[in-house]
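Raw contents of entry33.cif, mmCIF, C-alpha atoms:
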```
data_structure
#
loop_
_atom_site.label_atom_id
_atom_site.label_comp_id
_atom_site.auth_asym_id
_atom_site.auth_seq_id
_atom_site.Cartn_x
_atom_site.Cartn_y
_atom_site.Cartn_z
CA MET F 287 42.72 -52.71 -37.41
CA ASN F 288 39.19 -52.16 -36.10
CA CYS F 289 38.98 -51.39 -32.44
CA ASP F 290 35.96 -50.75 -30.22
CA ARG F 291 37.45 -47.96 -28.16
CA ILE F 292 34.14 -46.97 -26.59
CA SER F 293 33.81 -50.35 -24.92
CA GLU F 294 37.27 -49.89 -23.45
CA LEU F 295 36.09 -46.91 -21.43
CA PRO F 296 35.54 -47.46 -17.70
CA ASP F 297 32.07 -48.38 -16.44
CA SER F 298 31.67 -45.06 -14.67
CA LEU F 299 32.09 -43.14 -17.93
CA LEU F 300 29.88 -45.47 -19.96
CA THR F 301 27.04 -45.27 -17.46
CA GLN F 302 27.45 -41.50 -17.48
CA ILE F 303 26.99 -41.53 -21.27
CA LEU F 304 23.95 -43.81 -21.03
CA SER F 305 22.36 -41.53 -18.44
CA TYR F 306 21.65 -39.00 -21.20
CA LEU F 307 19.45 -41.51 -23.05
CA PRO F 308 15.86 -42.49 -22.32
CA THR F 309 15.89 -45.78 -20.43
CA LYS F 310 14.35 -47.72 -23.34
CA ASP F 311 17.36 -46.72 -25.51
CA SER F 312 19.80 -47.43 -22.71
CA VAL F 313 18.39 -50.97 -22.40
CA LYS F 314 18.94 -51.58 -26.13
CA THR F 315 22.71 -51.26 -25.66
CA SER F 316 22.64 -54.55 -23.75
CA LEU F 317 22.53 -56.29 -27.16
CA LEU F 318 25.84 -54.87 -28.30
CA SER F 319 28.10 -57.33 -26.51
CA LYS F 320 28.79 -59.04 -23.19
CA ARG F 321 30.58 -55.87 -22.13
CA TRP F 322 27.33 -53.92 -22.41
CA GLU F 323 24.88 -56.56 -21.21
CA PHE F 324 24.26 -55.21 -17.71
CA LEU F 325 25.68 -51.67 -17.93
CA TRP F 326 22.25 -50.10 -18.31
CA LEU F 327 21.25 -51.45 -14.89
CA ARG F 328 23.98 -49.37 -13.25
CA VAL F 329 22.80 -46.09 -14.81
CA PRO F 330 21.57 -43.77 -12.02
CA VAL F 331 18.71 -42.57 -14.23
CA LEU F 332 15.26 -44.01 -14.88
CA ASP F 333 13.48 -42.15 -17.70
CA LEU F 334 10.38 -43.99 -18.91
CA LYS F 335 7.16 -43.50 -20.79
CA VAL F 336 4.84 -46.25 -19.66
CA SER F 337 3.43 -46.37 -23.19
CA ASP F 338 6.81 -47.69 -24.35
CA PHE F 339 5.93 -51.04 -22.80
CA PRO F 340 3.91 -53.36 -25.07
CA ASP F 341 2.25 -55.01 -22.08
CA GLU F 342 1.71 -54.14 -18.42
CA ASN F 343 5.10 -55.21 -17.09
CA TYR F 344 6.42 -51.68 -16.58
CA ALA F 345 5.76 -51.85 -12.83
CA SER F 346 7.88 -54.99 -12.44
CA PHE F 347 10.58 -53.39 -14.60
CA ILE F 348 10.73 -50.34 -12.33
CA ASP F 349 10.67 -52.45 -9.17
CA ASN F 350 13.53 -54.61 -10.44
CA PHE F 351 15.56 -51.61 -11.57
CA LEU F 352 15.23 -49.92 -8.17
CA GLU F 353 16.04 -53.19 -6.39
CA PHE F 354 19.21 -53.66 -8.44
CA ASN F 355 20.29 -50.09 -7.61
CA ARG F 356 19.38 -50.42 -3.95
CA ASN F 357 22.78 -49.23 -2.75
CA SER F 358 23.33 -46.50 -5.34
CA ARG F 359 22.29 -42.87 -5.38
CA MET F 360 19.64 -42.07 -8.00
CA ARG F 361 20.25 -38.97 -10.08
CA LYS F 362 17.04 -38.77 -12.10
CA PHE F 363 13.61 -40.41 -11.99
CA LYS F 364 11.18 -39.49 -14.77
CA LEU F 365 7.96 -41.37 -15.35
CA LYS F 366 5.14 -40.41 -17.70
CA TYR F 367 1.77 -42.16 -17.76
CA ASP F 368 -1.01 -41.93 -20.30
CA GLU F 369 -4.72 -42.62 -20.07
CA TYR F 370 -4.30 -46.31 -20.83
CA THR F 371 -1.48 -47.07 -18.42
CA TYR F 372 -2.17 -45.12 -15.25
CA ASP F 373 -1.50 -47.15 -12.10
CA ASP F 374 -3.07 -45.50 -9.08
CA ASP F 375 -1.09 -47.45 -6.48
CA ARG F 376 2.56 -47.42 -7.46
CA LEU F 377 3.73 -43.90 -8.24
CA ALA F 378 3.89 -42.56 -4.67
CA GLY F 379 5.90 -45.56 -3.51
CA TRP F 380 8.49 -45.12 -6.24
CA VAL F 381 8.78 -41.44 -5.39
CA VAL F 382 9.42 -42.30 -1.73
CA THR F 383 12.18 -44.71 -2.75
CA THR F 384 13.96 -42.35 -5.14
CA VAL F 385 13.78 -39.35 -2.80
CA ASP F 386 15.21 -41.45 0.04
CA ARG F 387 18.07 -42.41 -2.26
CA GLY F 388 19.09 -38.81 -2.89
CA ILE F 389 17.36 -38.10 -6.18
CA GLN F 390 18.38 -34.85 -7.92
CA HIS F 391 15.79 -34.62 -10.69
CA LEU F 392 12.26 -35.89 -10.09
CA ASP F 393 9.64 -35.77 -12.85
CA ALA F 394 6.34 -37.49 -12.01
CA ASN F 395 3.72 -37.11 -14.71
CA GLY F 396 0.50 -38.81 -13.67
CA PHE F 397 -2.75 -38.97 -15.56
CA GLU F 398 -6.19 -37.72 -14.51
CA THR F 399 -8.40 -40.79 -14.66
CA ASP F 400 -11.24 -39.03 -12.87
CA MET F 401 -11.82 -35.34 -12.28
CA CYS F 402 -11.71 -35.73 -8.49
CA ILE F 403 -8.94 -38.33 -8.20
CA ARG F 404 -5.26 -37.48 -7.76
CA GLU F 405 -2.54 -39.68 -6.37
CA PHE F 406 -0.94 -37.67 -3.60
CA MET F 407 2.80 -37.32 -3.48
CA PRO F 408 4.60 -38.52 -0.34
CA GLN F 409 5.63 -35.81 2.06
CA ASN F 410 9.30 -36.79 2.01
CA ILE F 411 9.58 -34.65 -1.15
CA TYR F 412 9.42 -31.64 1.22
CA LYS F 413 12.55 -32.76 3.10
CA SER F 414 15.00 -33.59 0.32
CA ASN F 415 18.50 -32.17 0.60
CA THR F 416 19.41 -33.31 -2.92
CA LEU F 417 16.46 -32.35 -5.17
CA VAL F 418 17.55 -29.83 -7.80
CA SER F 419 14.48 -29.98 -10.04
CA LEU F 420 10.94 -31.10 -9.29
CA VAL F 421 8.26 -31.61 -11.96
CA LEU F 422 4.79 -32.77 -10.87
CA VAL F 423 1.90 -33.12 -13.34
CA THR F 424 -1.69 -34.20 -12.58
CA VAL F 425 -0.95 -35.35 -9.05
CA GLY F 426 -1.93 -34.08 -5.60
CA ILE F 427 0.19 -32.47 -2.91
CA GLU F 428 -0.81 -32.09 0.72
CA ASN F 429 0.02 -29.31 3.13
CA PRO F 430 3.01 -30.51 5.17
CA GLU F 431 2.66 -30.22 8.93
CA PHE F 432 6.34 -29.34 9.26
CA VAL F 433 8.71 -26.72 7.87
CA VAL F 434 9.59 -27.41 4.23
CA SER F 435 13.32 -27.75 3.58
CA LEU F 436 14.50 -28.05 -0.03
CA PRO F 437 17.93 -26.40 0.16
CA SER F 438 19.09 -27.45 -3.34
CA LEU F 439 15.90 -27.01 -5.37
CA LYS F 440 16.38 -24.58 -8.27
CA LYS F 441 13.55 -25.57 -10.60
CA MET F 442 9.93 -26.43 -9.81
CA HIS F 443 7.17 -27.16 -12.34
CA LEU F 444 3.66 -27.84 -11.03
CA GLU F 445 0.98 -28.51 -13.63
CA ASP F 446 -2.65 -29.40 -12.98
CA VAL F 447 -1.78 -30.17 -9.36
CA TRP F 448 -4.43 -30.51 -6.67
CA TYR F 449 -3.43 -28.50 -3.59
CA TRP F 450 -5.11 -30.24 -0.70
CA ASP F 451 -5.91 -28.78 2.75
CA ASP F 452 -4.49 -25.29 2.30
CA PRO F 453 -4.84 -22.81 -0.58
CA LEU F 454 -1.51 -21.24 0.44
CA VAL F 455 0.48 -24.46 0.37
CA ILE F 456 2.51 -23.14 -2.60
CA GLU F 457 3.65 -20.18 -0.52
CA LYS F 458 4.77 -22.59 2.21
CA VAL F 459 6.68 -24.77 -0.25
CA ILE F 460 8.40 -21.79 -1.88
CA SER F 461 9.44 -20.46 1.52
CA GLY F 462 11.44 -23.67 2.00
CA CYS F 463 13.35 -23.27 -1.30
CA PRO F 464 16.16 -20.79 -0.55
CA VAL F 465 17.82 -21.13 -4.01
CA LEU F 466 14.72 -21.48 -6.24
CA GLU F 467 15.29 -19.79 -9.62
CA ASP F 468 12.78 -21.23 -12.09
CA LEU F 469 9.08 -21.72 -11.28
CA VAL F 470 6.25 -22.88 -13.56
CA LEU F 471 2.68 -23.02 -12.24
CA ILE F 472 -0.04 -24.17 -14.60
CA ARG F 473 -3.30 -23.90 -12.71
CA ALA F 474 -6.34 -25.86 -13.77
CA ILE F 475 -9.63 -25.28 -12.01
CA ASP F 476 -10.48 -28.28 -9.86
CA PHE F 477 -14.24 -28.46 -9.90
CA CYS F 478 -14.23 -30.75 -6.85
CA ASN F 479 -12.67 -28.18 -4.55
CA LEU F 480 -12.61 -24.64 -5.91
CA ASP F 481 -11.67 -23.09 -2.57
CA ASP F 482 -8.24 -24.70 -2.70
CA LEU F 483 -7.32 -22.70 -5.80
CA ARG F 484 -8.62 -19.24 -5.07
CA PHE F 485 -5.44 -17.75 -3.59
CA LEU F 486 -1.95 -17.93 -5.03
CA ARG F 487 1.04 -16.20 -3.45
CA VAL F 488 4.50 -16.40 -4.95
CA ARG F 489 7.08 -14.80 -2.67
CA SER F 490 10.73 -15.52 -3.32
CA GLN F 491 14.01 -13.64 -2.88
CA THR F 492 15.84 -15.81 -5.43
CA LEU F 493 13.32 -16.46 -8.21
CA LYS F 494 14.54 -15.41 -11.68
CA SER F 495 11.98 -16.95 -14.04
CA PHE F 496 8.26 -17.46 -13.41
CA ARG F 497 5.59 -18.76 -15.74
CA LEU F 498 1.97 -18.67 -14.57
CA THR F 499 -0.82 -20.11 -16.71
CA PHE F 500 -4.44 -20.37 -15.66
CA GLU F 501 -5.90 -22.85 -18.10
CA TYR F 502 -9.64 -22.22 -17.74
CA SER F 503 -12.06 -19.42 -16.96
CA MET F 504 -15.26 -19.56 -14.95
CA ALA F 505 -17.81 -16.78 -14.89
CA GLY F 506 -18.67 -15.57 -11.42
CA THR F 507 -15.70 -17.27 -9.72
CA TYR F 508 -12.97 -14.97 -8.45
CA PHE F 509 -9.33 -15.75 -7.81
CA SER F 510 -6.32 -13.74 -6.72
CA VAL F 511 -2.61 -13.89 -7.39
CA GLU F 512 0.25 -12.08 -5.68
CA ILE F 513 3.84 -12.02 -6.94
CA ASP F 514 6.68 -10.62 -4.83
CA ALA F 515 10.07 -11.45 -6.36
CA PRO F 516 12.81 -8.77 -6.30
CA ARG F 517 15.23 -10.81 -8.50
CA LEU F 518 12.70 -11.88 -11.10
CA GLU F 519 14.01 -11.35 -14.64
CA TYR F 520 11.41 -13.14 -16.77
CA LEU F 521 7.64 -13.32 -16.22
CA ASN F 522 5.14 -15.19 -18.40
CA PHE F 523 1.70 -14.25 -17.10
CA ASN F 524 -1.31 -15.91 -18.75
CA ASP F 525 -4.30 -15.51 -16.45
CA ASN F 526 -7.76 -14.34 -17.45
CA GLN F 527 -9.45 -15.61 -14.30
CA SER F 528 -7.89 -13.70 -11.40
CA ASP F 529 -9.86 -10.71 -10.25
CA MET F 530 -7.14 -9.43 -7.91
CA ILE F 531 -3.60 -9.20 -9.29
CA VAL F 532 -0.84 -7.80 -7.11
CA VAL F 533 2.81 -7.56 -8.17
CA LYS F 534 5.56 -6.18 -5.95
CA ASN F 535 9.30 -5.55 -6.05
CA LEU F 536 9.83 -6.43 -9.70
CA ASN F 537 12.77 -4.06 -10.10
CA SER F 538 14.92 -6.69 -11.87
CA LEU F 539 12.25 -7.63 -14.43
CA SER F 540 13.73 -7.60 -17.93
CA MET F 541 11.17 -9.50 -20.04
CA ILE F 542 7.44 -10.08 -19.71
CA ASP F 543 4.97 -12.07 -21.80
CA ILE F 544 1.57 -10.85 -20.61
CA ASP F 545 -1.87 -12.16 -21.54
CA THR F 546 -4.59 -11.14 -19.11
CA GLU F 547 -7.93 -9.37 -19.17
CA PHE F 548 -7.74 -8.57 -15.43
CA ASN F 549 -11.10 -10.37 -15.23
CA VAL F 550 -12.68 -7.33 -16.86
CA LYS F 551 -14.22 -9.02 -19.90
CA PHE F 552 -14.90 -12.61 -18.91
CA GLY F 553 -16.95 -13.09 -15.77
CA GLY F 554 -16.05 -9.70 -14.38
CA SER F 555 -17.71 -6.33 -14.56
CA PRO F 556 -16.92 -3.92 -17.41
CA LEU F 557 -14.21 -1.36 -16.76
CA GLU F 558 -16.27 1.73 -16.02
CA PRO F 559 -15.13 5.17 -14.75
CA GLU F 560 -16.56 4.47 -11.31
CA ASP F 561 -14.66 1.20 -10.97
CA LEU F 562 -11.73 2.72 -9.10
CA ARG F 563 -10.61 -0.61 -7.63
CA LYS F 564 -10.08 -2.27 -10.99
CA ARG F 565 -8.50 0.87 -12.41
CA ASP F 566 -6.00 0.94 -9.55
CA ILE F 567 -5.15 -2.76 -9.98
CA ILE F 568 -4.33 -2.24 -13.65
CA ARG F 569 -2.38 0.94 -12.94
CA ASP F 570 -0.31 -0.71 -10.21
CA VAL F 571 0.51 -3.72 -12.38
CA LEU F 572 1.58 -1.52 -15.30
CA THR F 573 3.68 0.67 -13.04
CA GLU F 574 5.41 -2.31 -11.44
CA ILE F 575 6.36 -3.88 -14.80
CA SER F 576 7.34 -0.59 -16.45
CA CYS F 577 11.04 -1.38 -16.00
CA VAL F 578 11.00 -4.20 -18.60
CA ARG F 579 13.23 -4.14 -21.68
CA HIS F 580 11.36 -6.74 -23.72
CA MET F 581 7.57 -7.18 -23.78
CA ILE F 582 5.16 -9.54 -25.51
CA ILE F 583 1.56 -8.40 -25.07
CA SER F 584 -1.63 -10.09 -26.24
CA GLN F 585 -4.50 -8.48 -28.12
CA ARG F 586 -6.96 -8.98 -25.27
CA THR F 587 -4.60 -7.28 -22.83
CA LEU F 588 -4.29 -4.34 -25.21
CA GLU F 589 -8.08 -4.18 -25.49
CA VAL F 590 -8.35 -3.85 -21.70
CA LEU F 591 -5.63 -1.20 -21.73
CA ASP F 592 -7.65 0.68 -24.33
CA ARG F 593 -10.47 0.92 -21.80
CA TYR F 594 -8.03 1.79 -19.04
CA SER F 595 -6.43 4.59 -21.09
CA LYS F 596 -9.75 6.42 -20.96
CA LEU F 597 -9.60 6.39 -17.14
CA GLY F 598 -5.92 7.08 -16.55
CA PRO F 599 -2.58 7.45 -18.34
CA ILE F 600 -0.52 4.41 -19.34
CA PRO F 601 2.81 4.54 -17.44
CA ARG F 602 5.99 5.18 -19.42
CA PHE F 603 8.14 2.21 -20.35
CA ASP F 604 11.43 4.08 -20.63
CA ASN F 605 13.59 0.93 -20.72
CA LEU F 606 11.54 -0.94 -23.31
CA TYR F 607 13.58 -1.55 -26.47
CA ARG F 608 11.68 -4.53 -27.94
CA LEU F 609 7.89 -4.91 -28.16
CA GLN F 610 5.80 -7.66 -29.71
CA ALA F 611 2.09 -6.83 -29.77
CA ALA F 612 -1.00 -8.48 -31.20
CA PHE F 613 -3.71 -6.12 -32.41
CA SER F 614 -6.53 -5.70 -34.92
CA ARG F 615 -7.65 -3.01 -37.36
CA SER F 616 -9.93 -1.52 -34.70
CA MET F 617 -6.99 -0.80 -32.38
CA LEU F 618 -4.86 1.61 -34.41
CA GLN F 619 -5.37 4.50 -32.04
CA LEU F 620 -4.47 2.39 -29.01
CA LEU F 621 -1.32 1.21 -30.78
CA LEU F 622 -0.09 4.80 -31.04
CA VAL F 623 -1.10 5.55 -27.44
CA PHE F 624 0.91 2.59 -26.23
CA LEU F 625 3.89 3.45 -28.45
CA GLU F 626 3.84 6.94 -26.99
CA SER F 627 4.61 5.31 -23.64
CA CYS F 628 7.70 3.63 -25.12
CA PRO F 629 9.96 6.58 -26.04
CA ASN F 630 13.13 4.49 -26.50
CA LEU F 631 11.70 1.55 -28.44
CA GLU F 632 14.08 0.09 -31.04
CA ASN F 633 12.35 -3.08 -32.27
CA LEU F 634 8.62 -3.51 -32.90
CA ILE F 635 6.86 -6.72 -33.96
CA LEU F 636 3.16 -6.46 -34.78
CA ASP F 637 0.93 -9.51 -35.14
CA PHE F 638 -1.84 -7.99 -37.23
CA ALA F 639 -5.33 -9.49 -37.28
CA VAL F 640 -7.97 -8.47 -39.79
CA SER F 641 -11.27 -8.38 -37.96
CA THR F 642 -14.86 -7.60 -38.87
CA GLU F 643 -14.77 -4.60 -36.56
CA PRO F 644 -14.60 -1.19 -38.22
CA GLU F 645 -11.21 0.35 -38.74
CA GLN F 646 -10.21 3.11 -36.35
CA ASP F 647 -8.98 6.31 -37.92
CA GLY F 648 -6.13 6.36 -35.44
CA LEU F 649 -2.91 7.07 -37.37
CA THR F 650 -3.15 10.76 -36.63
CA TYR F 651 0.09 11.55 -34.80
CA VAL F 652 3.66 10.28 -34.46
CA PRO F 653 4.96 8.84 -31.15
CA GLN F 654 8.41 9.88 -29.96
CA CYS F 655 10.05 6.51 -30.65
CA LEU F 656 9.39 6.84 -34.40
CA LEU F 657 11.26 10.14 -34.39
CA SER F 658 14.33 9.06 -32.46
CA SER F 659 14.86 5.34 -31.76
CA LEU F 660 12.73 2.88 -33.77
CA GLU F 661 15.09 0.98 -36.08
CA CYS F 662 13.23 -2.21 -37.01
CA VAL F 663 9.53 -2.92 -37.56
CA GLU F 664 8.12 -6.31 -38.46
CA ILE F 665 4.43 -6.68 -39.38
CA ARG F 666 3.06 -10.22 -39.50
CA GLU F 667 -0.09 -11.84 -40.85
CA LEU F 668 -0.71 -9.19 -43.51
CA ILE F 669 -3.14 -9.96 -46.32
CA LEU F 670 -2.43 -8.90 -49.88
CA GLY F 671 -4.44 -5.84 -50.85
CA GLU F 672 -6.02 -5.35 -47.39
CA GLY F 673 -6.44 -1.63 -46.79
CA THR F 674 -5.55 -1.23 -43.11
CA GLY F 675 -2.34 -3.21 -43.51
CA LYS F 676 -1.25 -0.99 -46.41
CA LYS F 677 -1.98 2.13 -44.35
CA LEU F 678 0.12 0.75 -41.53
CA VAL F 679 3.05 0.05 -43.84
CA SER F 680 2.82 3.52 -45.35
CA TYR F 681 2.56 5.11 -41.90
CA PHE F 682 5.78 3.56 -40.57
CA LEU F 683 7.72 4.31 -43.76
CA GLU F 684 6.63 7.92 -43.90
CA ASN F 685 7.09 8.76 -40.22
CA SER F 686 10.02 6.67 -38.91
CA VAL F 687 13.10 8.87 -38.98
CA VAL F 688 15.81 6.30 -38.15
CA LEU F 689 14.11 3.13 -39.45
CA GLN F 690 16.64 0.67 -40.91
CA LYS F 691 14.44 -2.29 -41.73
CA LEU F 692 10.73 -2.92 -42.37
CA ILE F 693 9.85 -6.62 -42.57
CA LEU F 694 6.47 -7.58 -44.01
CA ARG F 695 5.14 -11.12 -43.61
CA PHE F 696 2.04 -11.99 -45.65
CA LYS F 697 -0.33 -14.86 -44.96
CA ASP F 698 -1.02 -15.28 -48.67
CA SER F 699 2.23 -14.14 -50.28
CA SER F 700 2.37 -17.34 -52.34
CA LYS F 701 -0.42 -15.88 -54.47
CA ALA F 702 1.79 -13.11 -55.76
CA SER F 703 5.31 -12.89 -57.12
CA GLU F 704 7.97 -10.43 -56.04
CA ASP F 705 7.30 -8.31 -59.12
CA SER F 706 3.52 -8.22 -58.67
CA ASP F 707 1.70 -4.89 -58.59
CA ILE F 708 0.98 -5.06 -54.85
CA PHE F 709 4.62 -5.62 -53.95
CA LYS F 710 5.70 -2.87 -56.32
CA GLU F 711 3.20 -0.54 -54.64
CA LEU F 712 4.53 -1.35 -51.18
CA ARG F 713 8.10 -0.68 -52.28
CA SER F 714 7.09 2.62 -53.86
CA PHE F 715 5.81 4.16 -50.61
CA THR F 716 7.63 7.27 -49.50
CA LYS F 717 10.37 6.56 -46.96
CA HIS F 718 11.44 9.15 -44.40
CA SER F 719 14.56 7.12 -43.69
CA ARG F 720 16.40 6.67 -46.98
CA SER F 721 18.48 3.84 -45.54
CA CYS F 722 15.40 1.78 -44.71
CA GLU F 723 15.25 -1.64 -46.36
CA VAL F 724 11.83 -3.16 -47.09
CA ILE F 725 11.86 -6.96 -46.86
CA ILE F 726 8.80 -8.88 -48.03
CA HIS F 727 8.09 -12.50 -47.10
#
```
Whole structure, structure tokens version:
Amino acid sequence: MNCDRISELPDSLLTQILSYLPTKDSVKTSLLSKRWEFLWLRVPVLDLKVSDFPDENYASFIDNFLEFNRNSRMRKFKLKYDEYTYDDDRLAGWVVTTVDRGIQHLDANGFETDMCIREFMPQNIYKSNTLVSLVLVTVGIENPEFVVSLPSLKKMHLEDVWYWDDPLVIEKVISGCPVLEDLVLIRAIDFCNLDDLRFLRVRSQTLKSFRLTFEYSMAGTYFSVEIDAPRLEYLNFNDNQSDMIVVKNLNSLSMIDIDTEFNVKFGGSPLEPEDLRKRDIIRDVLTEISCVRHMIISQRTLEVLDRYSKLGPIPRFDNLYRLQAAFSRSMLQLLLVFLESCPNLENLILDFAVSTEPEQDGLTYVPQCLLSSLECVEIRELILGEGTGKKLVSYFLENSVVLQKLILRFKDSSKASEDSDIFKELRSFTKHSRSCEVIIH
């Protein structure tokens, strides 16, 4: 006997199930039967892409949905515009309504119709006792004239947001988030008001994860960023614009993904011996992050560190056990210098780039980690027959005492079979560690 047991569940459980679906899919369930006809209207979640509507009736749909749920508490409001559907008059009003109804998850993704136009969010978002996550994209936020109070907010994502009236408004907002754990700031230069973006301070006693991305660079324009977060565990720092970078109290930092030129190469002055200020900034940043266990570092950051290493020593990264680094054939010497600062490294991933620059004759000594701790090396983006890559493979095999695995990933491996001469040559290299396995992809 066939039985629709799902439909026999209570409304509260069915609406809970529907809340995990985008609203357009939740609405479709109304066709199943009379039992389901109006269930979707009771779901405390509105998750819409305006582009899902074939005509321009999305505003009426949202108005009607909110009117039907007038007496219920909203759990999630997510609305995404695109360039063809942006409505400059409605978004702020809907945000006011949902925040007043105790929203927990607010995701407002506007669209930039003009470089100098943002719809500003209502200031009641600064006084929500229920907000747990806040995502704002291509909108404006104003400096509140009162103390921010977001006692439940754990996640905040601000992307391409226009900070009006006060360049330190972010610091003020963060100060009102006593349980904030996850912060994403994607800064885009606003050409209409550059002064509002010059200073960024992130100070939090609870923050655990922070991603900062500065999307553009402008020659001759200087910015600063300060991070003070004693419980921070993960930092993704992608900023080639800021001239002043200050990091403090990062004793809990476990993983960092760093991509910055410290404004040395683009728009800034070269790193010269007399530039003590820039040297000290780089030294202080390296010292503060030296406690990390896992690091991803870009090629351009390594290039700046190459210049810095001629002015001062690179701090030791005694806790670092996993390193992923991007580098080119002209950076072999720097690679060894940096590895020398990682005496307990166990896993190394190298993203190798063949450049037109001349190869450095840098494989002249063996860092401590190769002699005592390095167990796995993975080299990516190798090219069959390329000389520097072969030297690198031979170097690690011949000098790594406890190496267990060497993984080689070729860009053009489809051009050769496993029994080709080049693969046979790679497998024939002398291995210091007899237990080392060479894996070729």
Task: Residue neighbourhood Asp393 in chain F, 12 Å, all atoms listed in the file, exclusion window fewer than 6 positions, as a PyMOL selection string - done: chain F and resi 331-335+361-367+377+380-381+384-385+407+411+417-425+441-445
TODO: Please evaluate the PyMOL selection byres ((chain F and resi 637) around 7) against the structure above and give the resulting residues as a list in words.
DONE: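 Applying the expression gives Ala611, Ala612, Phe613, Ile635, Leu636, Phe638, Ala639, Ile665, Arg666 and Glu667 of chain F.
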- [ ] Name the residues that the PyMOL selection byres ((chain F and resi 356) around 12) picks from the file above, as a PyMOL selection string, using the file's chain letters and numbers.
- [x] chain F and resi 327-328+330+349-355+357-360+383-384+386-388
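Our summary of the geometry notes that CA of Val688 in chain F is positioned 26.3 Å from CA of Ile669 in chain F.
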- [ ] Would you translate the PyMOL selection byres ((chain F and resi 691-696) around 7) into the concrete set of residues it matches in this file, as a ChimeraX atom specification?
- [x] /F:661-670,689-690,697-699,722-727
Please, could you write that set of residues out with C-alpha atoms as a PDB file, keeping the file's coordinate frame?
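Okay, again-v8.pdb is ready:
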```pdb
ATOM      1  CA  GLU F 661      15.090   0.980 -36.080  1.00  0.00           C
ATOM      2  CA  CYS F 662      13.230  -2.210 -37.010  1.00  0.00           C
ATOM      3  CA  VAL F 663       9.530  -2.920 -37.560  1.00  0.00           C
ATOM      4  CA  GLU F 664       8.120  -6.310 -38.460  1.00  0.00           C
ATOM      5  CA  ILE F 665       4.430  -6.680 -39.380  1.00  0.00           C
ATOM      6  CA  ARG F 666       3.060 -10.220 -39.500  1.00  0.00           C
ATOM      7  CA  GLU F 667      -0.090 -11.840 -40.850  1.00  0.00           C
ATOM      8  CA  LEU F 668      -0.710  -9.190 -43.510  1.00  0.00           C
ATOM      9  CA  ILE F 669      -3.140  -9.960 -46.320  1.00  0.00           C
ATOM     10  CA  LEU F 670      -2.430  -8.900 -49.880  1.00  0.00           C
ATOM     11  CA  LEU F 689      14.110   3.130 -39.450  1.00  0.00           C
ATOM     12  CA  GLN F 690      16.640   0.670 -40.910  1.00  0.00           C
ATOM     13  CA  LYS F 697      -0.330 -14.860 -44.960  1.00  0.00           C
ATOM     14  CA  ASP F 698      -1.020 -15.280 -48.670  1.00  0.00           C
ATOM     15  CA  SER F 699       2.230 -14.140 -50.280  1.00  0.00           C
ATOM     16  CA  CYS F 722      15.400   1.780 -44.710  1.00  0.00           C
ATOM     17  CA  GLU F 723      15.250  -1.640 -46.360  1.00  0.00           C
ATOM     18  CA  VAL F 724      11.830  -3.160 -47.090  1.00  0.00           C
ATOM     19  CA  ILE F 725      11.860  -6.960 -46.860  1.00  0.00           C
ATOM     20  CA  ILE F 726       8.800  -8.880 -48.030  1.00  0.00           C
ATOM     21  CA  HIS F 727       8.090 -12.500 -47.100  1.00  0.00           C
TER      22      HIS F 727
END
```
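Excluding Tyr412 in chain F itself and same-chain residues fewer than 2 positions from it, the residues having an atom within 9 Å of it are Pro408, Gln409, Asn410, Ser414, Pro430, Phe432, Val433, Val434, Ser435, Leu436, Val459 and Gly462 of chain F, counting only C-alpha atoms.
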Open item on the list: Between F:Phe324, F:Trp448, F:Tyr520, F:Phe715, which residue has the minimum interatomic distance to Phe682 in chain F, considering all atoms listed in the file?
Closed with: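 Ranked by minimum distance to Phe682 in chain F, first place goes to F:Phe715.
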Open item on the list: Taking only C-alpha atoms into account, name the residue in F:Gln390, F:Ser319, F:Gln585, F:Ser595 that is nearest to Pro437 in chain F.
Closed with: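 Closest residue, counting only C-alpha atoms: F:Gln390.
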TODO: Select, from F:Leu606, F:Ala345, F:Leu678, F:Leu486, the residue with the minimum atom-to-atom distance to Cys655 in chain F, counting all atoms listed in the file.
DONE: F:Leu606
TODO: Tell me, in Å to one decimal, how far CA of Tyr449 in chain F is from CA of Ile348 in chain F.
DONE: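 Distance between the two atoms: 27.5 Å.
A straight line drawn from CA of Phe603 in chain F to CA of Lys717 in chain F is 27.1 Å long.
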Open item on the list: I'd like to know which of F:His391, F:His580, F:Arg489, F:Lys677 is closest to Val532 in chain F, using all atoms listed in the file.
Closed with: F:Arg489
Report, as lines of an AutoDock Vina configuration file, the centre and edge lengths in Å (one decimal) of the axis-aligned box enclosing every listed atom of range 543-552 of chain F, padded by 3 Å on each side.
```
center_x = -5.0
center_y = -10.0
center_z = -18.5
size_x = 25.9
size_y = 11.3
size_z = 12.6
```
- [ ] Find the residues around Asp592 in chain F up to 10 Å (all atoms listed in the file counted), leave out those fewer than 3 positions away in its own chain, and share them as number ranges by chain.
- [x] F: 586-589, 595-597, 600, 617, 619-621, 623-624
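Closest approach to Val571 in chain F among F:Lys314, F:Arg713, F:Arg517, F:Lys534 is made by F:Lys534 (distances from all atoms listed in the file).
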Task: Nearest to Ile575 in chain F by atom-to-atom distance, counting all atoms listed in the file, from F:Phe500, F:Tyr594, F:Phe523, F:Phe548 - done: F:Phe523
TODO: Dig up all the protein and nucleic acid residues within 9 Å of (15.5, 5.1, -31.5) in the file frame, using all atoms listed in the file, and format them as a list in words.
DONE: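 With a cut-off of 9 Å, the residues come to Tyr607, Pro629, Asn630, Leu631, Glu632, Asn633, Gln654, Cys655, Leu656, Leu657, Ser658, Ser659, Leu660, Glu661, Val687, Val688 and Leu689 of chain F.
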